[in-house]
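S.K.: My structure is stored as model10.txt, with compact mmCIF, C-alpha atoms.
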# COMPACT_ATOMS: atom_id res chain seq x y z
CA MET R 29 -30.76 42.12 48.83
CA SER R 30 -31.72 43.80 45.59
CA ALA R 31 -29.99 46.88 44.33
CA THR R 32 -31.87 50.01 43.48
CA VAL R 33 -31.58 52.03 40.30
CA THR R 34 -32.68 55.54 39.45
CA THR R 35 -35.58 55.68 37.00
CA GLY R 36 -34.11 58.68 35.22
CA SER R 37 -37.18 60.79 35.90
CA PRO R 38 -36.73 64.41 36.99
CA GLU R 39 -38.20 63.50 40.34
CA GLY R 40 -35.26 61.13 41.01
CA ALA R 41 -37.48 58.35 42.36
CA THR R 42 -35.94 54.90 42.79
CA ARG R 43 -37.34 51.43 42.25
CA PRO R 44 -35.99 47.94 42.90
CA SER R 45 -34.14 46.69 39.82
CA GLY R 46 -35.39 43.58 38.07
CA VAL R 47 -38.96 43.89 39.47
CA ARG R 48 -41.69 43.43 36.88
CA ARG R 49 -45.24 44.36 37.71
CA GLY R 50 -48.18 42.39 36.48
CA ARG R 51 -51.32 43.95 35.09
CA VAL R 52 -52.88 44.39 38.53
CA GLY R 53 -49.66 45.89 39.88
CA ARG R 54 -49.48 48.42 37.05
CA PHE R 55 -53.11 49.32 37.61
CA LEU R 56 -52.65 49.89 41.34
CA LEU R 57 -49.12 51.34 41.42
CA GLY R 58 -48.58 52.58 37.89
CA PRO R 59 -45.97 51.58 35.32
CA GLU R 60 -42.34 51.19 36.38
CA SER R 61 -41.38 54.31 34.42
CA ASP R 62 -43.59 56.57 36.57
CA PRO R 63 -42.40 58.22 39.78
CA VAL R 64 -43.37 56.27 42.90
CA TRP R 65 -45.78 59.00 44.00
CA ALA R 66 -47.73 59.30 40.72
CA ARG R 67 -50.32 56.52 40.98
CA PRO R 68 -51.03 56.93 44.72
CA ALA R 69 -51.54 60.66 44.08
CA LEU R 70 -53.98 59.84 41.27
CA TRP R 71 -55.96 57.52 43.54
CA ALA R 72 -56.14 60.33 46.10
CA VAL R 73 -57.48 62.77 43.47
CA LEU R 74 -60.07 60.24 42.28
CA ALA R 75 -61.16 59.63 45.87
CA LEU R 76 -61.51 63.39 46.37
CA ALA R 77 -63.57 63.64 43.19
CA ALA R 78 -65.87 60.83 44.33
CA VAL R 79 -66.42 62.51 47.69
CA LEU R 80 -67.11 65.92 46.15
CA TYR R 81 -69.57 64.51 43.62
CA ALA R 82 -71.34 61.98 45.85
CA TRP R 83 -71.41 63.51 49.35
CA GLY R 84 -75.00 64.13 50.39
CA LEU R 85 -76.14 63.27 46.88
CA SER R 86 -79.66 62.35 47.94
CA ARG R 87 -80.22 65.96 49.03
CA SER R 88 -80.42 66.83 45.33
CA GLY R 89 -83.64 64.81 45.11
CA TYR R 90 -84.67 64.46 41.48
CA ALA R 91 -82.30 67.29 40.47
CA ASN R 92 -83.52 68.68 37.12
CA THR R 93 -87.00 67.19 37.11
CA TYR R 94 -87.38 67.93 33.41
CA TYR R 95 -84.88 65.15 32.65
CA SER R 96 -85.92 63.09 35.67
CA ALA R 97 -89.39 62.80 34.17
CA ALA R 98 -87.90 61.35 30.99
CA VAL R 99 -85.76 58.87 32.95
CA LYS R 100 -88.80 57.71 34.93
CA SER R 101 -90.83 57.38 31.74
CA GLY R 102 -88.03 55.28 30.28
CA THR R 103 -88.35 52.84 33.16
CA GLN R 104 -92.05 52.42 32.38
CA SER R 105 -91.87 52.09 28.60
CA TRP R 106 -89.10 50.91 26.25
CA LYS R 107 -90.58 53.15 23.57
CA ALA R 108 -90.22 56.15 25.85
CA PHE R 109 -86.71 54.95 26.70
CA PHE R 110 -85.62 54.86 23.06
CA PHE R 111 -87.05 58.24 22.11
CA GLY R 112 -86.21 60.03 25.36
CA SER R 113 -89.86 60.84 25.89
CA LEU R 114 -90.92 63.18 28.65
CA ASP R 115 -94.02 61.07 29.31
CA ALA R 116 -94.48 57.29 29.42
CA GLY R 117 -97.14 57.58 26.70
CA SER R 118 -94.48 59.00 24.36
CA PHE R 119 -96.40 62.09 23.34
CA ILE R 120 -93.38 64.41 23.37
CA THR R 121 -89.63 64.07 23.92
CA VAL R 122 -87.20 66.24 25.83
CA ASP R 123 -85.20 68.79 23.87
CA LYS R 124 -82.00 66.70 23.73
CA PRO R 125 -81.07 63.33 22.25
CA PRO R 126 -81.42 60.48 24.72
CA MET R 127 -77.96 58.96 25.29
CA ALA R 128 -77.48 60.47 28.76
CA LEU R 129 -81.05 59.43 29.62
CA TRP R 130 -80.29 55.88 28.50
CA VAL R 131 -77.46 55.55 31.01
CA MET R 132 -79.57 56.84 33.89
CA GLY R 133 -82.56 54.84 32.71
CA LEU R 134 -80.63 51.56 32.72
CA PHE R 135 -79.40 52.24 36.25
CA ALA R 136 -82.98 53.03 37.30
CA ARG R 137 -84.31 49.83 35.73
CA VAL R 138 -81.72 47.74 37.59
CA ILE R 139 -81.86 49.35 41.05
CA GLU R 140 -85.28 51.03 40.90
CA PHE R 141 -85.96 54.67 40.09
CA GLY R 142 -84.92 57.13 42.79
CA SER R 143 -82.48 59.90 43.58
CA TRP R 144 -79.48 57.57 43.87
CA SER R 145 -80.19 55.55 40.72
CA LEU R 146 -80.69 58.83 38.87
CA LEU R 147 -77.51 60.59 40.03
CA LEU R 148 -75.06 57.76 40.73
CA PRO R 149 -74.25 57.37 37.00
CA GLN R 150 -73.35 61.07 36.93
CA VAL R 151 -70.87 60.57 39.77
CA VAL R 152 -69.30 57.57 38.03
CA GLU R 153 -69.02 59.47 34.74
CA GLY R 154 -67.48 62.46 36.49
CA VAL R 155 -64.81 60.41 38.23
CA ALA R 156 -64.11 58.51 34.99
CA ALA R 157 -63.58 61.82 33.17
CA VAL R 158 -60.98 62.86 35.75
CA ALA R 159 -59.13 59.54 35.35
CA LEU R 160 -59.20 59.74 31.55
CA LEU R 161 -57.98 63.32 31.56
CA TYR R 162 -55.03 62.26 33.71
CA ALA R 163 -54.23 59.43 31.29
CA THR R 164 -54.47 61.78 28.30
CA VAL R 165 -52.23 64.51 29.67
CA ARG R 166 -49.78 62.06 31.26
CA ARG R 167 -49.20 60.35 27.92
CA ALA R 168 -48.25 63.65 26.28
CA PHE R 169 -46.59 65.65 29.07
CA GLY R 170 -45.84 63.28 31.95
CA PRO R 171 -47.47 62.30 35.26
CA ALA R 172 -46.97 65.65 37.01
CA ALA R 173 -48.86 67.53 34.28
CA GLY R 174 -51.50 64.80 34.21
CA LEU R 175 -52.03 65.06 37.94
CA LEU R 176 -52.35 68.85 37.73
CA ALA R 177 -54.96 68.55 34.99
CA ALA R 178 -56.91 65.98 37.04
CA VAL R 179 -56.88 68.24 40.10
CA VAL R 180 -58.07 71.26 38.09
CA LEU R 181 -60.97 69.31 36.56
CA THR R 182 -61.91 67.81 39.92
CA LEU R 183 -62.04 71.13 41.74
CA THR R 184 -63.60 73.32 39.04
CA PRO R 185 -66.91 74.46 40.60
CA ILE R 186 -69.01 73.88 37.48
CA THR R 187 -67.61 70.34 37.25
CA VAL R 188 -68.79 69.60 40.78
CA ALA R 189 -72.19 71.12 39.98
CA ILE R 190 -72.90 69.17 36.78
CA ASN R 191 -71.72 65.89 38.31
CA ARG R 192 -74.33 66.27 41.05
CA ASP R 193 -77.14 66.92 38.57
CA ASP R 194 -78.89 64.91 35.87
CA ASN R 195 -78.19 67.22 32.92
CA PRO R 196 -76.47 65.58 29.91
CA ASP R 197 -73.32 67.69 30.32
CA THR R 198 -71.63 65.09 32.56
CA LEU R 199 -71.73 62.39 29.89
CA LEU R 200 -70.77 64.91 27.20
CA VAL R 201 -67.61 65.88 29.10
CA LEU R 202 -66.65 62.23 29.60
CA LEU R 203 -67.12 61.44 25.90
CA LEU R 204 -65.09 64.44 24.74
CA VAL R 205 -62.26 63.63 27.15
CA ALA R 206 -62.38 60.06 25.85
CA ALA R 207 -62.15 61.40 22.29
CA ALA R 208 -59.08 63.45 23.24
CA TRP R 209 -57.52 60.39 24.90
CA ALA R 210 -58.04 58.27 21.78
CA THR R 211 -56.66 61.05 19.56
CA VAL R 212 -53.49 61.27 21.66
CA ARG R 213 -53.12 57.49 21.34
CA ALA R 214 -53.51 57.84 17.55
CA ILE R 215 -50.86 60.57 17.43
CA GLY R 216 -48.57 58.32 19.43
CA ASP R 217 -48.61 55.26 17.18
CA GLY R 218 -50.53 56.23 14.04
CA ARG R 219 -52.98 53.33 14.30
CA LEU R 220 -56.30 53.89 12.61
CA ARG R 221 -58.28 52.15 15.33
CA TRP R 222 -57.59 54.95 17.82
CA LEU R 223 -58.72 57.60 15.36
CA LEU R 224 -61.90 55.66 14.63
CA LEU R 225 -62.54 55.31 18.35
CA ALA R 226 -62.13 59.06 18.82
CA ALA R 227 -64.69 59.66 16.06
CA PHE R 228 -67.07 57.18 17.69
CA PHE R 229 -66.84 59.02 21.03
CA VAL R 230 -67.60 62.36 19.37
CA GLY R 231 -70.56 60.77 17.60
CA CYS R 232 -71.88 59.52 20.92
CA GLY R 233 -71.42 63.06 22.21
CA PHE R 234 -73.67 64.27 19.39
CA ASN R 235 -76.35 61.86 20.60
CA THR R 236 -75.89 63.34 24.06
CA LYS R 237 -76.07 67.08 23.35
CA MET R 238 -75.98 67.43 19.59
CA LEU R 239 -73.76 70.08 17.97
CA GLN R 240 -72.09 71.04 21.24
CA ALA R 241 -70.11 67.80 20.89
CA PHE R 242 -68.54 69.12 17.69
CA VAL R 243 -66.89 72.08 19.42
CA ALA R 244 -63.74 70.01 20.03
CA LEU R 245 -63.82 68.24 16.66
CA PRO R 246 -61.72 70.72 14.61
CA ALA R 247 -58.95 70.72 17.24
CA LEU R 248 -58.82 66.92 17.39
CA ALA R 249 -58.75 66.52 13.61
CA LEU R 250 -56.13 69.26 13.15
CA ALA R 251 -53.93 67.78 15.88
CA TYR R 252 -53.79 64.43 14.09
CA LEU R 253 -53.37 66.02 10.67
CA LEU R 254 -50.34 67.98 11.89
CA PHE R 255 -48.71 65.53 14.28
CA GLY R 256 -49.84 62.03 13.30
CA PRO R 257 -46.86 59.78 12.43
CA PRO R 258 -47.99 58.41 9.02
CA LYS R 259 -47.30 60.31 5.80
CA LEU R 260 -49.64 63.18 4.99
CA GLY R 261 -51.66 61.29 2.38
CA ARG R 262 -52.27 58.40 4.75
CA ARG R 263 -53.27 60.80 7.53
CA VAL R 264 -55.86 62.38 5.22
CA LEU R 265 -57.29 58.98 4.32
CA GLN R 266 -57.42 58.00 7.99
CA LEU R 267 -59.29 61.20 8.83
CA LEU R 268 -61.78 60.49 6.04
CA ALA R 269 -62.38 57.03 7.49
CA ALA R 270 -62.87 58.60 10.92
CA GLY R 271 -65.34 61.02 9.34
CA ALA R 272 -67.39 58.08 8.07
CA VAL R 273 -67.46 56.56 11.57
CA LEU R 274 -68.47 59.94 12.97
CA LEU R 275 -71.30 60.25 10.46
CA VAL R 276 -72.71 56.85 11.37
CA SER R 277 -72.26 57.10 15.15
CA ALA R 278 -73.73 60.60 15.25
CA GLY R 279 -76.53 60.19 12.74
CA TRP R 280 -78.01 56.76 13.31
CA TRP R 281 -80.53 57.72 16.01
CA MET R 282 -81.64 60.87 14.21
CA THR R 283 -82.07 58.95 10.95
CA VAL R 284 -84.07 56.15 12.55
CA VAL R 285 -86.36 58.55 14.38
CA ASP R 286 -87.04 60.80 11.40
CA LEU R 287 -87.77 57.78 9.17
CA ILE R 288 -90.55 56.66 11.52
CA PRO R 289 -93.89 58.19 10.49
CA ALA R 290 -94.86 61.11 12.71
CA SER R 291 -98.06 59.32 13.75
CA ARG R 292 -96.02 56.48 15.27
CA ARG R 293 -93.46 58.49 17.23
CA PRO R 294 -93.56 61.27 19.79
CA TYR R 295 -93.25 64.91 18.89
CA ILE R 296 -89.60 65.95 19.07
CA GLY R 297 -89.41 68.50 21.87
CA GLY R 298 -87.63 71.73 20.96
CA SER R 299 -88.38 71.39 17.24
CA THR R 300 -90.85 73.42 15.20
CA ASP R 301 -91.96 70.56 12.95
CA GLY R 302 -91.55 67.44 15.08
CA THR R 303 -88.30 66.24 13.47
CA VAL R 304 -84.86 65.67 14.97
CA TRP R 305 -83.27 67.42 11.99
CA ASP R 306 -85.08 70.65 12.86
CA LEU R 307 -83.85 70.28 16.45
CA VAL R 308 -80.27 69.91 15.21
CA ILE R 309 -80.22 72.99 13.00
CA GLY R 310 -82.64 74.99 15.15
CA TYR R 311 -82.85 74.96 18.93
CA ASN R 312 -79.72 72.84 19.49
CA GLY R 313 -77.81 74.32 16.54
CA LEU R 314 -78.13 77.82 15.16
CA GLY R 315 -80.53 78.64 17.98
CA ARG R 316 -77.63 78.35 20.42
CA VAL R 317 -75.63 80.85 18.35
CA PHE R 318 -78.42 83.41 17.94
CA GLY R 319 -80.01 82.96 21.37
CA GLN R 320 -83.20 81.24 20.26
CA ASP R 321 -85.44 80.00 23.08
CA GLY R 322 -87.04 76.55 23.00
CA PRO R 323 -89.66 76.82 20.25
CA GLY R 324 -92.94 75.09 19.66
CA GLY R 325 -93.43 71.81 21.43
CA GLY R 326 -90.01 71.97 22.98
CA ARG R 327 -90.52 74.92 25.29
CA ARG R 328 -90.32 73.63 28.82
CA GLY R 329 -93.62 73.99 30.55
CA ALA R 330 -95.56 74.48 27.30
CA GLY R 331 -98.18 72.18 25.83
CA ALA R 332 -98.37 68.47 26.47
CA GLY R 333 -94.70 68.26 27.44
CA GLY R 334 -95.26 70.80 30.19
CA ASP R 335 -98.33 68.92 31.41
CA ALA R 336 -96.35 65.68 31.67
CA PHE R 337 -93.53 67.49 33.42
CA ARG R 338 -95.90 69.07 35.99
CA GLU R 339 -97.65 65.74 36.56
CA PHE R 340 -94.33 64.01 37.21
CA ALA R 341 -93.29 66.75 39.64
CA ARG R 342 -96.63 66.44 41.45
CA ARG R 343 -96.33 62.64 41.84
CA ALA R 344 -92.65 62.81 42.82
CA GLY R 345 -93.49 65.02 45.62
Is it possible to express this structure as structure tokens?
M.R.:
Amino acid sequence: MSATVTTGSPEGATRPSGVRRGRVGRFLLGPESDPVWARPALWAVLALAAVLYAWGLSRSGYANTYYSAAVKSGTQSWKAFFFGSLDAGSFITVDKPPMALWVMGLFARVIEFGSWSLLLPQVVEGVAAVALLYATVRRAFGPAAGLLAAVVLTLTPITVAINRDDNPDTLLVLLLVAAAWATVRAIGDGRLRWLLLAAFFVGCGFNTKMLQAFVALPALALAYLLFGPPKLGRRVLQLLAAGAVLLVSAGWWMTVVDLIPASRRPYIGGSTDGTVWDLVIGYNGLGRVFGQDGPGGGRRGAGAGGDAFREFARRAG
């Protein structure tokens, strides 16, 4: 018979002494330091999230057909895939960068374009965001707080709505939660790699929904500057290195696209001059602050982009 010892947690849970869990055991049941109920409760919350996000998913059809058209075009042309073009001929792009479209497009190329291949990635990303939020909050405040945060995110009505749609917000939320998770890891041990990873996630968020990804950036940087374990000078240098990673991970697609001659690339939807830079500082930048509507070629339903959108909707049914 093996004796039992108290873990010392406020919940007073007990575990067999001398029992060491392997990697699979820790994944399924949690670390030995957690209360016995913590990991099973997390699995229950993740199962609830999956049900809420996936139940009757095919009823959503093609969801937001503006983005569905771009995903379908990406399955027909790698050029359209790279640019996030609304039409397979790559005449005009959607009004957002293409990272969220890339995820859905890869699913659609593997399992054929349809409602499930379009929306299943959104469900997976939504559930992953709940799991990462739990891990982030648990590391800082314990499993009970982590579980509460996971439940709140799971049940928030707008969370359920965006995870059943094909808008880029689902991927953006996942990337920003991942950035917060990596920042908490950096605050915990002071390792540069975690800070660089956080910057990379925010940069990917920029290529998902542009400047909206930077909303959390000041809080993440300030948190590490104030609470990171290295000395202040080292923290500043680490943040500068993270800034360089952010610049590259956020700016590479925009730079590549704008360096391609206008005659060889599609018009950038939402811009006034066909460049990604104008989209960043205009419709997806200052335009969001001052209430600017989609200008020029980017207005949904206008011009060639609108024609491609209406043609897709007609063929889809």
S.K.: Could you build a table of the residues in segment 36-144 of chain R lying no more than 8 Å from segment 189-200 of chain R, giving for each the nearest pair of atoms and their separation in Å rounded to one decimal place, using all atoms listed in the file, ordered by chain and ascending residue number, as JSON lines?
M.R.:
{"residue": "R:Tyr81", "atom": "CA", "partner": "R:Arg192", "partner_atom": "CA", "distance": 5.7}
{"residue": "R:Ala82", "atom": "CA", "partner": "R:Arg192", "partner_atom": "CA", "distance": 7.1}
{"residue": "R:Leu85", "atom": "CA", "partner": "R:Arg192", "partner_atom": "CA", "distance": 6.8}
{"residue": "R:Ser88", "atom": "CA", "partner": "R:Arg192", "partner_atom": "CA", "distance": 7.5}
{"residue": "R:Ala91", "atom": "CA", "partner": "R:Asp193", "partner_atom": "CA", "distance": 5.5}
{"residue": "R:Asn92", "atom": "CA", "partner": "R:Asp194", "partner_atom": "CA", "distance": 6.1}
{"residue": "R:Tyr95", "atom": "CA", "partner": "R:Asp194", "partner_atom": "CA", "distance": 6.8}
{"residue": "R:Ser96", "atom": "CA", "partner": "R:Asp194", "partner_atom": "CA", "distance": 7.3}
{"residue": "R:Ala128", "atom": "CA", "partner": "R:Pro196", "partner_atom": "CA", "distance": 5.3}
{"residue": "R:Leu129", "atom": "CA", "partner": "R:Pro196", "partner_atom": "CA", "distance": 7.7}
S.K.: Quick one: residues within 12 Å of Val131 of chain R, only C-alpha atoms counted, chain neighbours fewer than 3 positions away excluded, as a PyMOL selection string?
M.R.: chain R and resi 98-99+102-103+109-110+112+126-128+134-138+145-150+152-153+194-196+198-199+236
S.K.: So, with only C-alpha atoms as the atoms that count, which of R:Gly142, R:Gly216, R:Pro125, R:Gly279 lies closest to Gly298 of chain R?
M.R.: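 Using only C-alpha atoms, Gly298 of chain R sits closest to R:Pro125.
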S.K.: So how many Å separate atom CA of Gly133 of chain R and atom CA of Gly310 of chain R, to one decimal?
M.R.: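 Going from atom CA of Gly133 of chain R over to atom CA of Gly310 of chain R covers 26.7 Å.
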S.K.: Identify which of the residues R:Leu203, R:Leu248, R:Trp106, R:Val188 lies closest to Ala157 of chain R, counting only C-alpha atoms when measuring atom-to-atom distances.
M.R.: R:Leu203
S.K.: Which neighbours of Val165 of chain R fall inside 9 Å, counting only C-alpha atoms, when residues of the same chain fewer than 2 positions from it are skipped, and could you give them as a PyMOL selection string?
M.R.: chain R and resi 160-163+167-171+173-175+177-178+209+212
S.K.: Residues within 12 Å of Val243 of chain R, please, as a ChimeraX atom specification. Count all atoms listed in the file; anything in the same chain fewer than 5 positions from it doesn't count.
M.R.: /R:200-201,204,230,233-234,237-238,248-249,313
S.K.: Which residue gives the smallest distance to Val205 of chain R among R:Ala116, R:Leu224, R:Met132, R:Val158, with all atoms listed in the file counted?
M.R.: R:Val158
S.K.: Could you state the separation of atom CA of Val179 of chain R and atom CA of Phe229 of chain R in Å, given to one decimal place?
M.R.: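 Atom CA of Phe229 of chain R lies 23.4 Å from atom CA of Val179 of chain R.
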S.K.: When distances are computed from all atoms listed in the file, which of R:Arg54, R:Arg262, R:Lys107, R:Arg213 shows the smallest separation from Arg292 of chain R?
M.R.: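 Smallest separation from Arg292 of chain R among the options: R:Lys107.
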S.K.: Tell me which of R:Thr303, R:Leu76, R:Ala172, R:Ala270 sits closest to Asp62 of chain R, counting only C-alpha atoms.
M.R.: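 With only C-alpha atoms as the atom set, the closest residue is R:Ala172.
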S.K.: Just want the 6 Å neighbourhood of Pro294 of chain R, counted on all atoms listed in the file, with same-chain residues fewer than 6 positions away dropped. Output as a ChimeraX atom specification.
M.R.: /R:118-120
S.K.: Write segment 151-184 of chain R as a JSON list (two decimals), keeping the file's coordinate frame, completed to N, CA and C atoms.
M.R.:
[["chain", "number", "residue", "atom", "x", "y", "z"],
["R", 151, "VAL", "N", -72.09, 60.60, 38.94],
["R", 151, "VAL", "CA", -70.87, 60.57, 39.77],
["R", 151, "VAL", "C", -69.82, 59.68, 39.11],
["R", 152, "VAL", "N", -70.23, 58.50, 38.67],
["R", 152, "VAL", "CA", -69.30, 57.57, 38.03],
["R", 152, "VAL", "C", -68.69, 58.19, 36.78],
["R", 153, "GLU", "N", -69.52, 58.83, 35.96],
["R", 153, "GLU", "CA", -69.02, 59.47, 34.74],
["R", 153, "GLU", "C", -68.06, 60.61, 35.07],
["R", 154, "GLY", "N", -68.36, 61.37, 36.11],
["R", 154, "GLY", "CA", -67.48, 62.46, 36.49],
["R", 154, "GLY", "C", -66.12, 61.99, 36.94],
["R", 155, "VAL", "N", -66.09, 60.95, 37.77],
["R", 155, "VAL", "CA", -64.81, 60.41, 38.23],
["R", 155, "VAL", "C", -64.05, 59.79, 37.06],
["R", 156, "ALA", "N", -64.75, 59.11, 36.17],
["R", 156, "ALA", "CA", -64.11, 58.51, 34.99],
["R", 156, "ALA", "C", -63.48, 59.59, 34.10],
["R", 157, "ALA", "N", -64.14, 60.73, 33.98],
["R", 157, "ALA", "CA", -63.58, 61.82, 33.17],
["R", 157, "ALA", "C", -62.28, 62.33, 33.76],
["R", 158, "VAL", "N", -62.21, 62.43, 35.09],
["R", 158, "VAL", "CA", -60.98, 62.86, 35.75],
["R", 158, "VAL", "C", -59.85, 61.87, 35.48],
["R", 159, "ALA", "N", -60.14, 60.57, 35.59],
["R", 159, "ALA", "CA", -59.13, 59.54, 35.35],
["R", 159, "ALA", "C", -58.66, 59.56, 33.90],
["R", 160, "LEU", "N", -59.58, 59.71, 32.96],
["R", 160, "LEU", "CA", -59.20, 59.74, 31.55],
["R", 160, "LEU", "C", -58.41, 60.98, 31.20],
["R", 161, "LEU", "N", -58.75, 62.10, 31.82],
["R", 161, "LEU", "CA", -57.98, 63.32, 31.56],
["R", 161, "LEU", "C", -56.54, 63.14, 32.05],
["R", 162, "TYR", "N", -56.38, 62.54, 33.22],
["R", 162, "TYR", "CA", -55.03, 62.26, 33.71],
["R", 162, "TYR", "C", -54.26, 61.40, 32.71],
["R", 163, "ALA", "N", -54.90, 60.33, 32.23],
["R", 163, "ALA", "CA", -54.23, 59.43, 31.29],
["R", 163, "ALA", "C", -53.86, 60.14, 30.00],
["R", 164, "THR", "N", -54.72, 61.05, 29.54],
["R", 164, "THR", "CA", -54.47, 61.78, 28.30],
["R", 164, "THR", "C", -53.28, 62.71, 28.43],
["R", 165, "VAL", "N", -53.29, 63.53, 29.48],
["R", 165, "VAL", "CA", -52.23, 64.51, 29.67],
["R", 165, "VAL", "C", -50.92, 63.82, 30.05],
["R", 166, "ARG", "N", -50.98, 62.79, 30.87],
["R", 166, "ARG", "CA", -49.78, 62.06, 31.26],
["R", 166, "ARG", "C", -49.06, 61.50, 30.04],
["R", 167, "ARG", "N", -49.81, 60.96, 29.10],
["R", 167, "ARG", "CA", -49.20, 60.35, 27.92],
["R", 167, "ARG", "C", -48.43, 61.39, 27.10],
["R", 168, "ALA", "N", -48.91, 62.63, 27.09],
["R", 168, "ALA", "CA", -48.25, 63.65, 26.28],
["R", 168, "ALA", "C", -47.21, 64.45, 27.05],
["R", 169, "PHE", "N", -47.45, 64.71, 28.34],
["R", 169, "PHE", "CA", -46.59, 65.65, 29.07],
["R", 169, "PHE", "C", -46.04, 65.10, 30.39],
["R", 170, "GLY", "N", -46.38, 63.86, 30.74],
["R", 170, "GLY", "CA", -45.84, 63.28, 31.95],
["R", 170, "GLY", "C", -46.83, 63.27, 33.10],
["R", 171, "PRO", "N", -46.52, 62.49, 34.15],
["R", 171, "PRO", "CA", -47.47, 62.30, 35.26],
["R", 171, "PRO", "C", -47.73, 63.56, 36.08],
["R", 172, "ALA", "N", -46.75, 64.44, 36.22],
["R", 172, "ALA", "CA", -46.97, 65.65, 37.01],
["R", 172, "ALA", "C", -48.01, 66.54, 36.34],
["R", 173, "ALA", "N", -47.88, 66.73, 35.02],
["R", 173, "ALA", "CA", -48.86, 67.53, 34.28],
["R", 173, "ALA", "C", -50.23, 66.85, 34.29],
["R", 174, "GLY", "N", -50.24, 65.53, 34.17],
["R", 174, "GLY", "CA", -51.50, 64.80, 34.21],
["R", 174, "GLY", "C", -52.21, 64.96, 35.54],
["R", 175, "LEU", "N", -51.45, 64.90, 36.61],
["R", 175, "LEU", "CA", -52.03, 65.06, 37.94],
["R", 175, "LEU", "C", -52.59, 66.46, 38.13],
["R", 176, "LEU", "N", -51.87, 67.47, 37.63],
["R", 176, "LEU", "CA", -52.35, 68.85, 37.73],
["R", 176, "LEU", "C", -53.66, 69.01, 36.98],
["R", 177, "ALA", "N", -53.73, 68.46, 35.77],
["R", 177, "ALA", "CA", -54.96, 68.55, 34.99],
["R", 177, "ALA", "C", -56.12, 67.87, 35.71],
["R", 178, "ALA", "N", -55.86, 66.70, 36.31],
["R", 178, "ALA", "CA", -56.91, 65.98, 37.04],
["R", 178, "ALA", "C", -57.41, 66.79, 38.23],
["R", 179, "VAL", "N", -56.50, 67.44, 38.95],
["R", 179, "VAL", "CA", -56.88, 68.24, 40.10],
["R", 179, "VAL", "C", -57.74, 69.44, 39.66],
["R", 180, "VAL", "N", -57.32, 70.10, 38.58],
["R", 180, "VAL", "CA", -58.07, 71.26, 38.09],
["R", 180, "VAL", "C", -59.49, 70.86, 37.70],
["R", 181, "LEU", "N", -59.63, 69.76, 36.95],
["R", 181, "LEU", "CA", -60.97, 69.31, 36.56],
["R", 181, "LEU", "C", -61.80, 68.93, 37.78],
["R", 182, "THR", "N", -61.18, 68.25, 38.72],
["R", 182, "THR", "CA", -61.91, 67.81, 39.92],
["R", 182, "THR", "C", -62.47, 68.98, 40.70],
["R", 183, "LEU", "N", -61.69, 70.03, 40.85],
["R", 183, "LEU", "CA", -62.04, 71.13, 41.74],
["R", 183, "LEU", "C", -62.76, 72.28, 41.05],
["R", 184, "THR", "N", -62.88, 72.25, 39.73],
["R", 184, "THR", "CA", -63.60, 73.32, 39.04],
["R", 184, "THR", "C", -65.05, 73.32, 39.51]]
